[in-house]
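Engineer: The structure file query.pdb (PDB, C-alpha atoms and all ligand atoms) is provided below.
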ATOM      1  CA  MET A 136     -99.387  81.244   2.227
ATOM      2  CA  ASN A 137    -101.714  80.008  -0.468
ATOM      3  CA  LEU A 138    -104.303  82.614  -1.422
ATOM      4  CA  LYS A 139    -106.974  79.971  -1.911
ATOM      5  CA  LYS A 140    -106.704  79.191   1.817
ATOM      6  CA  LEU A 141    -107.215  82.815   2.840
ATOM      7  CA  PRO A 142    -110.815  83.463   3.993
ATOM      8  CA  HIS A 143    -112.656  85.700   1.540
ATOM      9  CA  GLU A 144    -113.303  88.448   4.123
ATOM     10  CA  GLU A 145    -109.609  88.535   4.961
ATOM     11  CA  LEU A 146    -108.670  88.892   1.281
ATOM     12  CA  GLU A 147    -111.072  91.825   0.990
ATOM     13  CA  ARG A 148    -109.761  93.441   4.166
ATOM     14  CA  ARG A 149    -106.117  93.138   3.101
ATOM     15  CA  TRP A 150    -106.521  94.046  -0.611
ATOM     16  CA  PHE A 151    -104.491  97.267  -0.255
ATOM     17  CA  GLU A 152    -102.266  96.036   2.595
ATOM     18  CA  LYS A 153     -98.688  94.830   2.275
ATOM     19  CA  THR A 154     -99.601  91.900   4.526
ATOM     20  CA  LEU A 155    -101.661  90.360   1.712
ATOM     21  CA  TYR A 156     -98.574  89.503  -0.287
ATOM     22  CA  GLN A 157     -95.521  89.532   1.900
ATOM     23  CA  ASP A 158     -95.644  85.770   2.539
ATOM     24  CA  MET A 159     -97.805  84.810  -0.436
ATOM     25  CA  THR A 160     -96.851  81.864  -2.637
ATOM     26  CA  VAL A 161     -99.832  80.895  -4.812
ATOM     27  CA  PHE A 162    -102.783  82.820  -6.246
ATOM     28  CA  PRO A 163    -104.716  82.643  -9.539
ATOM     29  CA  THR A 164    -104.306  85.469 -12.112
ATOM     30  CA  MET A 165    -105.137  86.069 -15.790
ATOM     31  CA  SER A 166    -101.468  85.498 -16.679
ATOM     32  CA  ASP A 167    -101.861  81.843 -15.642
ATOM     33  CA  HIS A 168    -103.457  81.477 -19.086
ATOM     34  CA  PRO A 169    -100.565  80.990 -21.539
ATOM     35  CA  ALA A 170    -102.437  82.804 -24.346
ATOM     36  CA  PHE A 171    -102.866  85.883 -22.148
ATOM     37  CA  HIS A 172     -99.227  85.704 -21.034
ATOM     38  CA  HIS A 173     -98.226  85.536 -24.702
ATOM     39  CA  PHE A 174    -100.501  88.499 -25.487
ATOM     40  CA  ILE A 175     -98.703  90.657 -22.904
ATOM     41  CA  VAL A 176     -95.366  89.579 -24.364
ATOM     42  CA  SER A 177     -96.583  90.690 -27.820
ATOM     43  CA  LYS A 178     -97.471  94.111 -26.341
ATOM     44  CA  ILE A 179     -93.945  94.414 -24.932
ATOM     45  CA  ARG A 180     -92.490  93.498 -28.320
ATOM     46  CA  GLU A 181     -94.481  96.336 -29.921
ATOM     47  CA  LEU A 182     -93.227  98.749 -27.274
ATOM     48  CA  VAL A 183     -89.566  97.647 -27.170
ATOM     49  CA  PRO A 184     -88.626  96.066 -30.515
ATOM     50  CA  ASN A 185     -84.911  96.119 -29.581
ATOM     51  CA  ALA A 186     -85.140  94.251 -26.253
ATOM     52  CA  SER A 187     -81.627  92.794 -26.588
ATOM     53  CA  GLU A 188     -80.192  96.314 -26.159
ATOM     54  CA  GLU A 189     -82.339  97.245 -23.155
ATOM     55  CA  THR A 190     -82.759  96.643 -19.439
ATOM     56  CA  GLY A 191     -86.256  95.499 -18.538
ATOM     57  CA  VAL A 192     -87.786  95.869 -15.077
ATOM     58  CA  GLU A 193     -90.824  93.860 -13.976
ATOM     59  CA  ILE A 194     -92.657  94.825 -10.810
ATOM     60  CA  GLY A 195     -94.769  92.224  -9.040
ATOM     61  CA  PRO A 196     -93.959  89.307 -11.384
ATOM     62  CA  GLY A 197     -95.405  86.866  -8.825
ATOM     63  CA  HIS A 198     -95.253  83.365 -10.305
ATOM     64  CA  ASN A 199     -95.888  84.676 -13.862
ATOM     65  CA  PRO A 200     -92.944  86.826 -15.008
ATOM     66  CA  VAL A 201     -93.344  88.018 -18.604
ATOM     67  CA  LEU A 202     -89.926  89.551 -19.354
ATOM     68  CA  PRO A 203     -87.997  86.232 -19.725
ATOM     69  CA  ALA A 204     -89.953  85.456 -22.912
ATOM     70  CA  LEU A 205     -87.961  88.254 -24.583
ATOM     71  CA  PRO A 206     -84.190  88.602 -25.025
ATOM     72  CA  PHE A 207     -83.613  91.569 -22.683
ATOM     73  CA  LYS A 208     -79.971  92.453 -22.079
ATOM     74  CA  LYS A 209     -80.654  92.641 -18.331
ATOM     75  CA  MET A 210     -83.758  92.038 -16.250
ATOM     76  CA  LEU A 211     -84.642  93.274 -12.782
ATOM     77  CA  PHE A 212     -87.592  91.741 -10.925
ATOM     78  CA  VAL A 213     -89.029  93.482  -7.878
ATOM     79  CA  ASP A 214     -91.734  91.838  -5.779
ATOM     80  CA  LEU A 215     -93.139  92.565  -2.354
ATOM     81  CA  SER A 216     -93.287  88.859  -1.562
ATOM     82  CA  LYS A 217     -90.059  87.283  -0.325
ATOM     83  CA  PRO A 218     -91.163  83.696  -1.176
ATOM     84  CA  LEU A 219     -92.158  84.742  -4.699
ATOM     85  CA  ALA A 220     -88.993  86.766  -5.402
ATOM     86  CA  GLY A 221     -86.949  83.845  -4.054
ATOM     87  CA  ASN A 222     -88.736  81.285  -6.213
ATOM     88  CA  LEU A 223     -88.591  83.188  -9.505
ATOM     89  CA  GLN A 224     -85.685  81.066 -10.816
ATOM     90  CA  ASN A 225     -87.950  77.987 -10.592
ATOM     91  CA  THR A 226     -90.907  79.378 -12.541
ATOM     92  CA  MET A 227     -91.807  78.018 -15.982
ATOM     93  CA  ILE A 228     -92.406  80.446 -18.845
ATOM     94  CA  PRO A 229     -94.946  79.611 -21.602
ATOM     95  CA  ILE A 230     -93.328  80.191 -25.005
ATOM     96  CA  ARG A 231     -95.513  80.061 -28.118
ATOM     97  CA  ARG A 232     -94.375  77.318 -30.494
ATOM     98  CA  ASP A 233     -93.501  78.207 -34.029
ATOM     99  CA  ALA A 234     -94.972  74.910 -35.272
ATOM    100  CA  PRO A 235     -98.185  74.838 -37.358
ATOM    101  CA  ASP A 236    -100.113  73.237 -34.471
ATOM    102  CA  ARG A 237     -98.964  76.089 -32.203
ATOM    103  CA  GLY A 238     -99.540  75.577 -28.458
ATOM    104  CA  PHE A 239     -96.885  76.397 -25.848
ATOM    105  CA  ASP A 240     -93.653  74.981 -24.500
ATOM    106  CA  TYR A 241     -92.905  75.625 -20.831
ATOM    107  CA  VAL A 242     -89.283  76.705 -20.508
ATOM    108  CA  PRO A 243     -87.545  77.186 -17.121
ATOM    109  CA  PHE A 244     -86.919  80.825 -16.162
ATOM    110  CA  SER A 245     -83.321  79.894 -15.288
ATOM    111  CA  LYS A 246     -82.710  78.683 -18.855
ATOM    112  CA  LEU A 247     -84.197  81.786 -20.478
ATOM    113  CA  ALA A 248     -82.669  84.375 -18.171
ATOM    114  CA  GLN A 249     -79.165  82.759 -18.200
ATOM    115  CA  GLY A 250     -77.612  84.913 -15.478
ATOM    116  CA  ARG A 251     -79.028  88.118 -16.987
ATOM    117  CA  SER A 252     -81.535  88.647 -14.196
ATOM    118  CA  ILE A 253     -81.716  89.828 -10.615
ATOM    119  CA  ALA A 254     -84.737  89.397  -8.326
ATOM    120  CA  VAL A 255     -85.162  91.570  -5.255
ATOM    121  CA  VAL A 256     -87.791  92.093  -2.598
ATOM    122  CA  GLY A 257     -89.121  95.639  -2.910
ATOM    123  CA  ASP A 258     -92.058  97.977  -3.133
ATOM    124  CA  ILE A 259     -93.321  99.721  -6.293
ATOM    125  CA  ARG A 260     -93.465 102.933  -4.238
ATOM    126  CA  ARG A 261     -89.708 102.855  -3.536
ATOM    127  CA  LEU A 262     -87.977 101.223  -6.471
ATOM    128  CA  PRO A 263     -84.247 100.534  -6.211
ATOM    129  CA  LEU A 264     -83.555 102.356  -9.509
ATOM    130  CA  SER A 265     -81.707 105.584 -10.184
ATOM    131  CA  VAL A 266     -83.543 108.388 -11.984
ATOM    132  CA  GLU A 267     -80.422 109.150 -14.071
ATOM    133  CA  LYS A 268     -79.903 105.654 -15.474
ATOM    134  CA  LYS A 269     -83.298 104.961 -16.970
ATOM    135  CA  ALA A 270     -84.618 101.453 -17.716
ATOM    136  CA  GLY A 271     -85.662 100.583 -21.279
ATOM    137  CA  LEU A 272     -89.005  99.310 -19.974
ATOM    138  CA  ILE A 273     -90.959  98.879 -16.746
ATOM    139  CA  VAL A 274     -93.776  96.300 -16.700
ATOM    140  CA  VAL A 275     -96.484  96.417 -14.039
ATOM    141  CA  ASN A 276     -98.825  93.493 -14.572
ATOM    142  CA  ASN A 277    -101.759  93.244 -12.178
ATOM    143  CA  VAL A 278    -100.096  95.170  -9.360
ATOM    144  CA  LEU A 279    -101.644  98.679  -9.433
ATOM    145  CA  THR A 280    -104.949  97.133  -8.351
ATOM    146  CA  HIS A 281    -103.306  96.668  -4.940
ATOM    147  CA  ILE A 282    -102.361 100.347  -4.656
ATOM    148  CA  LYS A 283    -105.106 102.588  -3.241
ATOM    149  CA  PRO A 284    -106.840 104.561  -6.063
ATOM    150  CA  GLY A 285    -105.712 107.910  -4.636
ATOM    151  CA  GLU A 286    -102.024 106.839  -4.712
ATOM    152  CA  ARG A 287    -101.887 105.303  -8.198
ATOM    153  CA  ASN A 288    -101.103 108.460 -10.187
ATOM    154  CA  LYS A 289     -98.208 109.291  -7.879
ATOM    155  CA  VAL A 290     -96.842 105.738  -8.152
ATOM    156  CA  VAL A 291     -97.014 105.863 -11.976
ATOM    157  CA  ALA A 292     -95.352 109.302 -12.032
ATOM    158  CA  GLY A 293     -92.517 107.782  -9.954
ATOM    159  CA  LEU A 294     -92.126 104.926 -12.463
ATOM    160  CA  ALA A 295     -92.199 107.345 -15.414
ATOM    161  CA  GLU A 296     -89.126 109.114 -14.020
ATOM    162  CA  LYS A 297     -87.157 105.869 -14.157
ATOM    163  CA  THR A 298     -87.935 104.436 -17.579
ATOM    164  CA  ARG A 299     -88.275 105.221 -21.288
ATOM    165  CA  ALA A 300     -91.244 102.860 -21.815
ATOM    166  CA  LEU A 301     -94.016 101.606 -19.560
ATOM    167  CA  LEU A 302     -96.506  98.746 -19.799
ATOM    168  CA  ILE A 303     -99.387  98.613 -17.338
ATOM    169  CA  VAL A 304    -101.821  95.694 -17.351
ATOM    170  CA  ASP A 305    -104.711  95.692 -14.895
ATOM    171  CA  ASN A 306    -108.410  95.456 -14.108
ATOM    172  CA  HIS A 307    -110.172  98.092 -16.145
ATOM    173  CA  TYR A 308    -112.181 100.751 -14.340
ATOM    174  CA  GLU A 309    -115.837  99.775 -14.672
ATOM    175  CA  SER A 310    -119.182 101.421 -13.988
ATOM    176  CA  LYS A 311    -121.237  99.972 -11.142
ATOM    177  CA  LEU A 312    -123.588  98.566 -13.796
ATOM    178  CA  GLU A 313    -120.738  96.621 -15.424
ATOM    179  CA  ILE A 314    -119.514  95.396 -12.045
ATOM    180  CA  ARG A 315    -123.023  94.211 -11.199
ATOM    181  CA  ALA A 316    -123.173  92.252 -14.493
ATOM    182  CA  ARG A 317    -119.735  90.724 -13.898
ATOM    183  CA  LEU A 318    -120.616  89.636 -10.348
ATOM    184  CA  ARG A 319    -123.841  88.116 -11.673
ATOM    185  CA  ASN A 320    -121.932  86.129 -14.326
ATOM    186  CA  PHE A 321    -119.529  84.960 -11.630
ATOM    187  CA  ALA A 322    -122.346  83.937  -9.253
ATOM    188  CA  GLU A 323    -124.170  82.030 -11.997
ATOM    189  CA  MET A 324    -120.973  80.203 -12.953
ATOM    190  CA  VAL A 325    -120.314  79.237  -9.305
ATOM    191  CA  GLN A 326    -123.902  78.096  -8.789
ATOM    192  CA  LYS A 327    -123.831  75.962 -11.945
ATOM    193  CA  SER A 328    -120.661  74.191 -10.828
ATOM    194  CA  LEU A 329    -121.976  73.777  -7.266
ATOM    195  CA  SER A 330    -125.218  72.229  -8.507
ATOM    196  CA  LEU A 331    -123.218  69.157  -9.566
ATOM    197  CA  GLN A 332    -121.609  68.737  -6.136
ATOM    198  CA  PRO A 333    -122.962  66.728  -3.177
ATOM    199  CA  GLU A 334    -124.436  68.614  -0.237
ATOM    200  CA  SER A 335    -121.806  69.770   2.249
ATOM    201  CA  LYS A 336    -121.177  72.627   4.648
ATOM    202  CA  GLU A 337    -118.659  74.107   2.185
ATOM    203  CA  LYS A 338    -121.186  73.961  -0.654
ATOM    204  CA  GLN A 339    -123.752  75.773   1.488
ATOM    205  CA  GLU A 340    -121.247  78.477   2.396
ATOM    206  CA  ARG A 341    -120.238  79.013  -1.224
ATOM    207  CA  MET A 342    -123.907  79.080  -2.352
ATOM    208  CA  HIS A 343    -124.623  81.650   0.334
ATOM    209  CA  ARG A 344    -121.684  83.811  -0.813
ATOM    210  CA  SER A 345    -122.711  83.582  -4.462
ATOM    211  CA  GLU A 346    -126.170  84.908  -3.461
ATOM    212  CA  LYS A 347    -124.403  88.037  -2.226
ATOM    213  CA  TYR A 348    -122.826  88.480  -5.679
ATOM    214  CA  LEU A 349    -126.266  88.228  -7.278
ATOM    215  CA  HIS A 350    -127.533  91.025  -5.041
ATOM    216  CA  PRO A 351    -124.470  93.134  -4.195
ATOM    217  CA  THR A 352    -124.766  95.929  -1.672
ATOM    218  CA  LYS A 353    -123.675  99.489  -2.481
ATOM    219  CA  GLN A 354    -120.616  98.913  -0.288
ATOM    220  CA  MET A 355    -119.664  95.741  -2.214
ATOM    221  CA  LEU A 356    -119.947  97.580  -5.547
ATOM    222  CA  GLU A 357    -117.796 100.431  -4.260
ATOM    223  CA  SER A 358    -115.175  98.087  -2.888
ATOM    224  CA  GLU A 359    -115.024  96.242  -6.252
ATOM    225  CA  GLN A 360    -114.715  99.552  -8.082
ATOM    226  CA  GLN A 361    -111.738 100.555  -5.913
ATOM    227  CA  LYS A 362    -109.837  97.508  -7.202
ATOM    228  CA  MET A 363    -110.251  98.689 -10.803
ATOM    229  CA  VAL A 364    -107.614 100.910 -12.340
ATOM    230  CA  ASN A 365    -108.827 104.103 -13.995
ATOM    231  CA  VAL A 366    -106.227 104.588 -16.724
ATOM    232  CA  LYS A 367    -107.907 107.746 -18.062
ATOM    233  CA  ASN A 368    -106.179 109.853 -15.383
ATOM    234  CA  ILE A 369    -102.895 107.993 -15.794
ATOM    235  CA  LYS A 370    -103.031 108.432 -19.573
ATOM    236  CA  ARG A 371    -103.737 112.163 -19.267
ATOM    237  CA  GLU A 372    -100.883 112.774 -16.806
ATOM    238  CA  LEU A 373     -98.393 110.832 -18.904
ATOM    239  CA  ALA A 374     -99.485 112.641 -22.081
ATOM    240  CA  GLU A 375     -99.136 116.022 -20.340
ATOM    241  CA  ASN A 376     -95.563 115.067 -19.522
ATOM    242  CA  GLY A 377     -94.658 114.280 -23.113
ATOM    243  CA  TRP A 378     -95.449 110.543 -23.260
ATOM    244  CA  LYS A 379     -97.084 108.811 -26.205
ATOM    245  CA  VAL A 380     -99.784 106.545 -24.758
ATOM    246  CA  ALA A 381    -102.035 103.863 -26.259
ATOM    247  CA  THR A 382    -104.581 101.708 -24.461
ATOM    248  CA  SER A 383    -106.425  98.551 -25.444
ATOM    249  CA  ILE A 384    -109.054  96.509 -23.656
ATOM    250  CA  VAL A 385    -109.470  92.747 -23.377
ATOM    251  CA  ARG A 386    -112.997  91.621 -22.535
ATOM    252  CA  HIS A 387    -113.730  88.415 -20.657
ATOM    253  CA  PRO A 388    -117.105  87.496 -19.054
ATOM    254  CA  LEU A 389    -115.551  87.710 -15.588
ATOM    255  CA  GLN A 390    -112.946  90.410 -16.162
ATOM    256  CA  LYS A 391    -112.197  93.455 -18.281
ATOM    257  CA  ILE A 392    -108.491  94.120 -18.611
ATOM    258  CA  VAL A 393    -106.814  97.305 -19.789
ATOM    259  CA  ILE A 394    -103.359  97.408 -21.334
ATOM    260  CA  LEU A 395    -101.554 100.743 -21.358
ATOM    261  CA  GLN A 396     -98.463 101.100 -23.527
ATOM    262  CA  ALA A 397     -96.492 104.300 -23.029
ATOM    263  CA  ARG A 398     -93.300 105.579 -24.579
ATOM    264  CA  ARG A 399     -91.421 108.833 -24.175
ATOM    265  CA  SER A 400     -92.022 110.761 -27.379
TER     266      SER A 400
HETATM  267  C1  LIG B 501    -102.059  89.882  -8.509
HETATM  268  S1  LIG B 501    -100.367  89.445  -8.378
HETATM  269  C2  LIG B 501     -99.831  89.500 -10.074
HETATM  270  C3  LIG B 501     -98.664  88.594 -10.359
HETATM  271  C4  LIG B 501     -98.279  88.484 -11.845
HETATM  272  N1  LIG B 501     -97.806  89.745 -12.353
HETATM  273  C5  LIG B 501     -99.442  87.971 -12.654
HETATM  274  O1  LIG B 501    -100.090  88.790 -13.332
HETATM  275  O2  LIG B 501     -99.729  86.764 -12.580
HETATM  276  C6  LIG B 501     -99.611  90.868  -7.663
HETATM  277  C7  LIG B 501     -98.112  90.728  -7.483
HETATM  278  O3  LIG B 501     -97.588  92.001  -7.146
HETATM  279  C8  LIG B 501     -96.822  91.936  -5.958
HETATM  280  N2  LIG B 501     -97.043  93.205  -5.259
HETATM  281  C9  LIG B 501     -98.164  93.615  -4.625
HETATM  282  N3  LIG B 501     -97.998  94.852  -4.133
HETATM  283  C10 LIG B 501     -96.743  95.238  -4.480
HETATM  284  C11 LIG B 501     -95.962  96.412  -4.254
HETATM  285  N4  LIG B 501     -96.452  97.424  -3.551
HETATM  286  N5  LIG B 501     -94.703  96.472  -4.751
HETATM  287  C12 LIG B 501     -94.171  95.416  -5.453
HETATM  288  N6  LIG B 501     -94.857  94.275  -5.684
HETATM  289  C13 LIG B 501     -96.116  94.182  -5.205
HETATM  290  C14 LIG B 501     -97.374  90.722  -5.206
HETATM  291  O4  LIG B 501     -96.434  90.165  -4.318
HETATM  292  C15 LIG B 501     -97.714  89.789  -6.363
HETATM  293  O5  LIG B 501     -96.611  89.028  -6.765
END
Hey, can you dump this file as structure tokens for me?
Ligand SMILES: C[S@@+](CC[C@H](N)C(=O)[O-])C[C@H]1O[C@@H](n2cnc3c(N)ncnc32)[C@H](O)[C@@H]1O
Structural biologist:
Amino acid sequence: MNLKKLPHEELERRWFEKTLYQDMTVFPTMSDHPAFHHFIVSKIRELVPNASEETGVEIGPGHNPVLPALPFKKMLFVDLSKPLAGNLQNTMIPIRRDAPDRGFDYVPFSKLAQGRSIAVVGDIRRLPLSVEKKAGLIVVNNVLTHIKPGERNKVVAGLAEKTRALLIVDNHYESKLEIRARLRNFAEMVQKSLSLQPESKEKQERMHRSEKYLHPTKQMLESEQQKMVNVKNIKRELAENGWKVATSIVRHPLQKIVILQARRS
């Protein structure tokens, strides 16, 4: 299924359900932007400078795996979606050029991973990893948002048992005021682009929906807030268990992203 074809109400209803992703093939994410993809890779490099000696695990790589950009000894990819896990070998990885003009080359996953990777269908709540043989790194990029807020700490604690370093990238927890401002920016952007389009039923529907973003209900604000990941709690729990944790925030008019880097101290 292509996410763009899923009715908006259905996307909202299934946000925390496995059925959202199990047959999903295409959906837009921040990691579609090569510069953002590269930024995550740079955060991994800081966390695991000796990748060639380590096993890296990426959960929910979707169509944007980040691990292949680095020379991990072994890579394990775990995704809830069977079509996505099956298609990983055919994805293209943006690699920053070394040339003065910079830009990116798109290199096939299969070329970069060269038989060093395995992709399986699985759930972040029940990872096929032993607690004894820890991974060098687990990456969770834009996946925790789909775990209910009350379950996130437990999921992260489960990951922490199975790795020596952890990278979490997700929507940052925002106040209702910030969410309101973000929805307004989004609505104004949609309305600007729609103003150039001819009248149609689809245009009217999208205009109508954007009005709702300009004047969100309390329920809408709460539902948006549930999708955000509050790393404060995660950071505290990891620190209490002897982890060294750093967080950074990337601001974008339509999104605020948090990056949590954690290492066993
Ligand atoms: C929003 S996409 C992010 C994909 C990619 N990491 C990116 O940033 O472009 C979420 C991905 O996580 C996977 N996913 C969702 N829930 C999951 C779960 N409980 N366990 C493992 N993977 C999951 C989905 O199938 C999807 O590929």
Engineer: Around ligand LIG 501 (chain B), at most 8 Å away and counting only C-alpha atoms and all ligand atoms, which residues are there? Put them as a ChimeraX atom specification, please.
Structural biologist: /A:151,153,155-157,159,162-167,194-201,213-216,219,256-260,275-282
Engineer: Which is closer to A:Ala170 than all the others in A:Ile369, A:Ile314, A:Val393, A:Ile230, using only C-alpha atoms?
Structural biologist: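 With only C-alpha atoms as the atom set, the closest residue is A:Ile230.
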Engineer: Step by step, work through what the PyMOL selection byres (((chain A and resi 391) around 9) and not hetatm) selects in the shown file, and finish by giving those residues as a list in words.
Structural biologist: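 Evaluating the PyMOL selection byres (((chain A and resi 391) around 9) and not hetatm) on this file yields Asp305, Asn306, His307, Tyr308, Glu309, Ile384, Val385, Arg386, His387, Pro388, Leu389, Gln390, Ile392 and Val393 of chain A.
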Engineer: Find the residues around A:His343 up to 12 Å (all atoms listed in the file counted), leave out those fewer than 5 positions away in its own chain, and share them as a PDB file with C-alpha atoms, keeping the file's coordinate frame.
Structural biologist:
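Result saved to around-v4.pdb:
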ATOM      1  CA  ALA A 322    -122.346  83.937  -9.253  1.00  0.00           C
ATOM      2  CA  VAL A 325    -120.314  79.237  -9.305  1.00  0.00           C
ATOM      3  CA  GLN A 326    -123.902  78.096  -8.789  1.00  0.00           C
ATOM      4  CA  LEU A 329    -121.976  73.777  -7.266  1.00  0.00           C
ATOM      5  CA  LYS A 336    -121.177  72.627   4.648  1.00  0.00           C
ATOM      6  CA  GLU A 337    -118.659  74.107   2.185  1.00  0.00           C
ATOM      7  CA  LYS A 338    -121.186  73.961  -0.654  1.00  0.00           C
ATOM      8  CA  TYR A 348    -122.826  88.480  -5.679  1.00  0.00           C
ATOM      9  CA  LEU A 349    -126.266  88.228  -7.278  1.00  0.00           C
ATOM     10  CA  HIS A 350    -127.533  91.025  -5.041  1.00  0.00           C
TER      11      HIS A 350
END
Engineer: Name the residues captured by the PyMOL selection byres (((chain A and resi 227) around 9) and not hetatm) when it is applied to the shown file; answer as a count of residues only.
Structural biologist: 14
Engineer: Please list as JSON, numbers by chain every residue within 9 Å of stretch 180-192 of chain A, counting only C-alpha atoms and excluding residues in the same chain fewer than 3 positions away.
Structural biologist: {"A": [175, 176, 177, 202, 205, 206, 207, 208, 209, 210, 211, 212, 213, 269, 270, 271, 272, 273, 274, 275, 298, 300, 301, 302, 396, 397, 398]}
Engineer: Export C-alpha atoms of the chosen residues as a PDB file, in the frame of the given file?
Structural biologist:
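The new file out-v7.pdb reads:
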ATOM      1  CA  ILE A 175     -98.703  90.657 -22.904  1.00  0.00           C
ATOM      2  CA  VAL A 176     -95.366  89.579 -24.364  1.00  0.00           C
ATOM      3  CA  SER A 177     -96.583  90.690 -27.820  1.00  0.00           C
ATOM      4  CA  LEU A 202     -89.926  89.551 -19.354  1.00  0.00           C
ATOM      5  CA  LEU A 205     -87.961  88.254 -24.583  1.00  0.00           C
ATOM      6  CA  PRO A 206     -84.190  88.602 -25.025  1.00  0.00           C
ATOM      7  CA  PHE A 207     -83.613  91.569 -22.683  1.00  0.00           C
ATOM      8  CA  LYS A 208     -79.971  92.453 -22.079  1.00  0.00           C
ATOM      9  CA  LYS A 209     -80.654  92.641 -18.331  1.00  0.00           C
ATOM     10  CA  MET A 210     -83.758  92.038 -16.250  1.00  0.00           C
ATOM     11  CA  LEU A 211     -84.642  93.274 -12.782  1.00  0.00           C
ATOM     12  CA  PHE A 212     -87.592  91.741 -10.925  1.00  0.00           C
ATOM     13  CA  VAL A 213     -89.029  93.482  -7.878  1.00  0.00           C
ATOM     14  CA  LYS A 269     -83.298 104.961 -16.970  1.00  0.00           C
ATOM     15  CA  ALA A 270     -84.618 101.453 -17.716  1.00  0.00           C
ATOM     16  CA  GLY A 271     -85.662 100.583 -21.279  1.00  0.00           C
ATOM     17  CA  LEU A 272     -89.005  99.310 -19.974  1.00  0.00           C
ATOM     18  CA  ILE A 273     -90.959  98.879 -16.746  1.00  0.00           C
ATOM     19  CA  VAL A 274     -93.776  96.300 -16.700  1.00  0.00           C
ATOM     20  CA  VAL A 275     -96.484  96.417 -14.039  1.00  0.00           C
ATOM     21  CA  THR A 298     -87.935 104.436 -17.579  1.00  0.00           C
ATOM     22  CA  ALA A 300     -91.244 102.860 -21.815  1.00  0.00           C
ATOM     23  CA  LEU A 301     -94.016 101.606 -19.560  1.00  0.00           C
ATOM     24  CA  LEU A 302     -96.506  98.746 -19.799  1.00  0.00           C
ATOM     25  CA  GLN A 396     -98.463 101.100 -23.527  1.00  0.00           C
ATOM     26  CA  ALA A 397     -96.492 104.300 -23.029  1.00  0.00           C
ATOM     27  CA  ARG A 398     -93.300 105.579 -24.579  1.00  0.00           C
TER      28      ARG A 398
END
Engineer: Which residue gives the smallest distance to A:Val266 among A:Pro235, A:Pro333, A:Gly293, A:Pro351, with only C-alpha atoms counted?
Structural biologist: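 Residue with the minimum atom-to-atom distance to A:Val266: A:Gly293.
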Engineer: List as a ChimeraX atom specification the protein and nucleic acid residues near A:Leu395, meaning an atom at most 7 Å away when only C-alpha atoms are counted, but skip any in the same chain fewer than 6 places from it.
Structural biologist: /A:302-304,380-383
Engineer: If I take atom CA of A:Leu356 and atom CA of A:Lys311, how far is one from the other in Å, to one decimal?
Structural biologist: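 The value is 6.2 Å.
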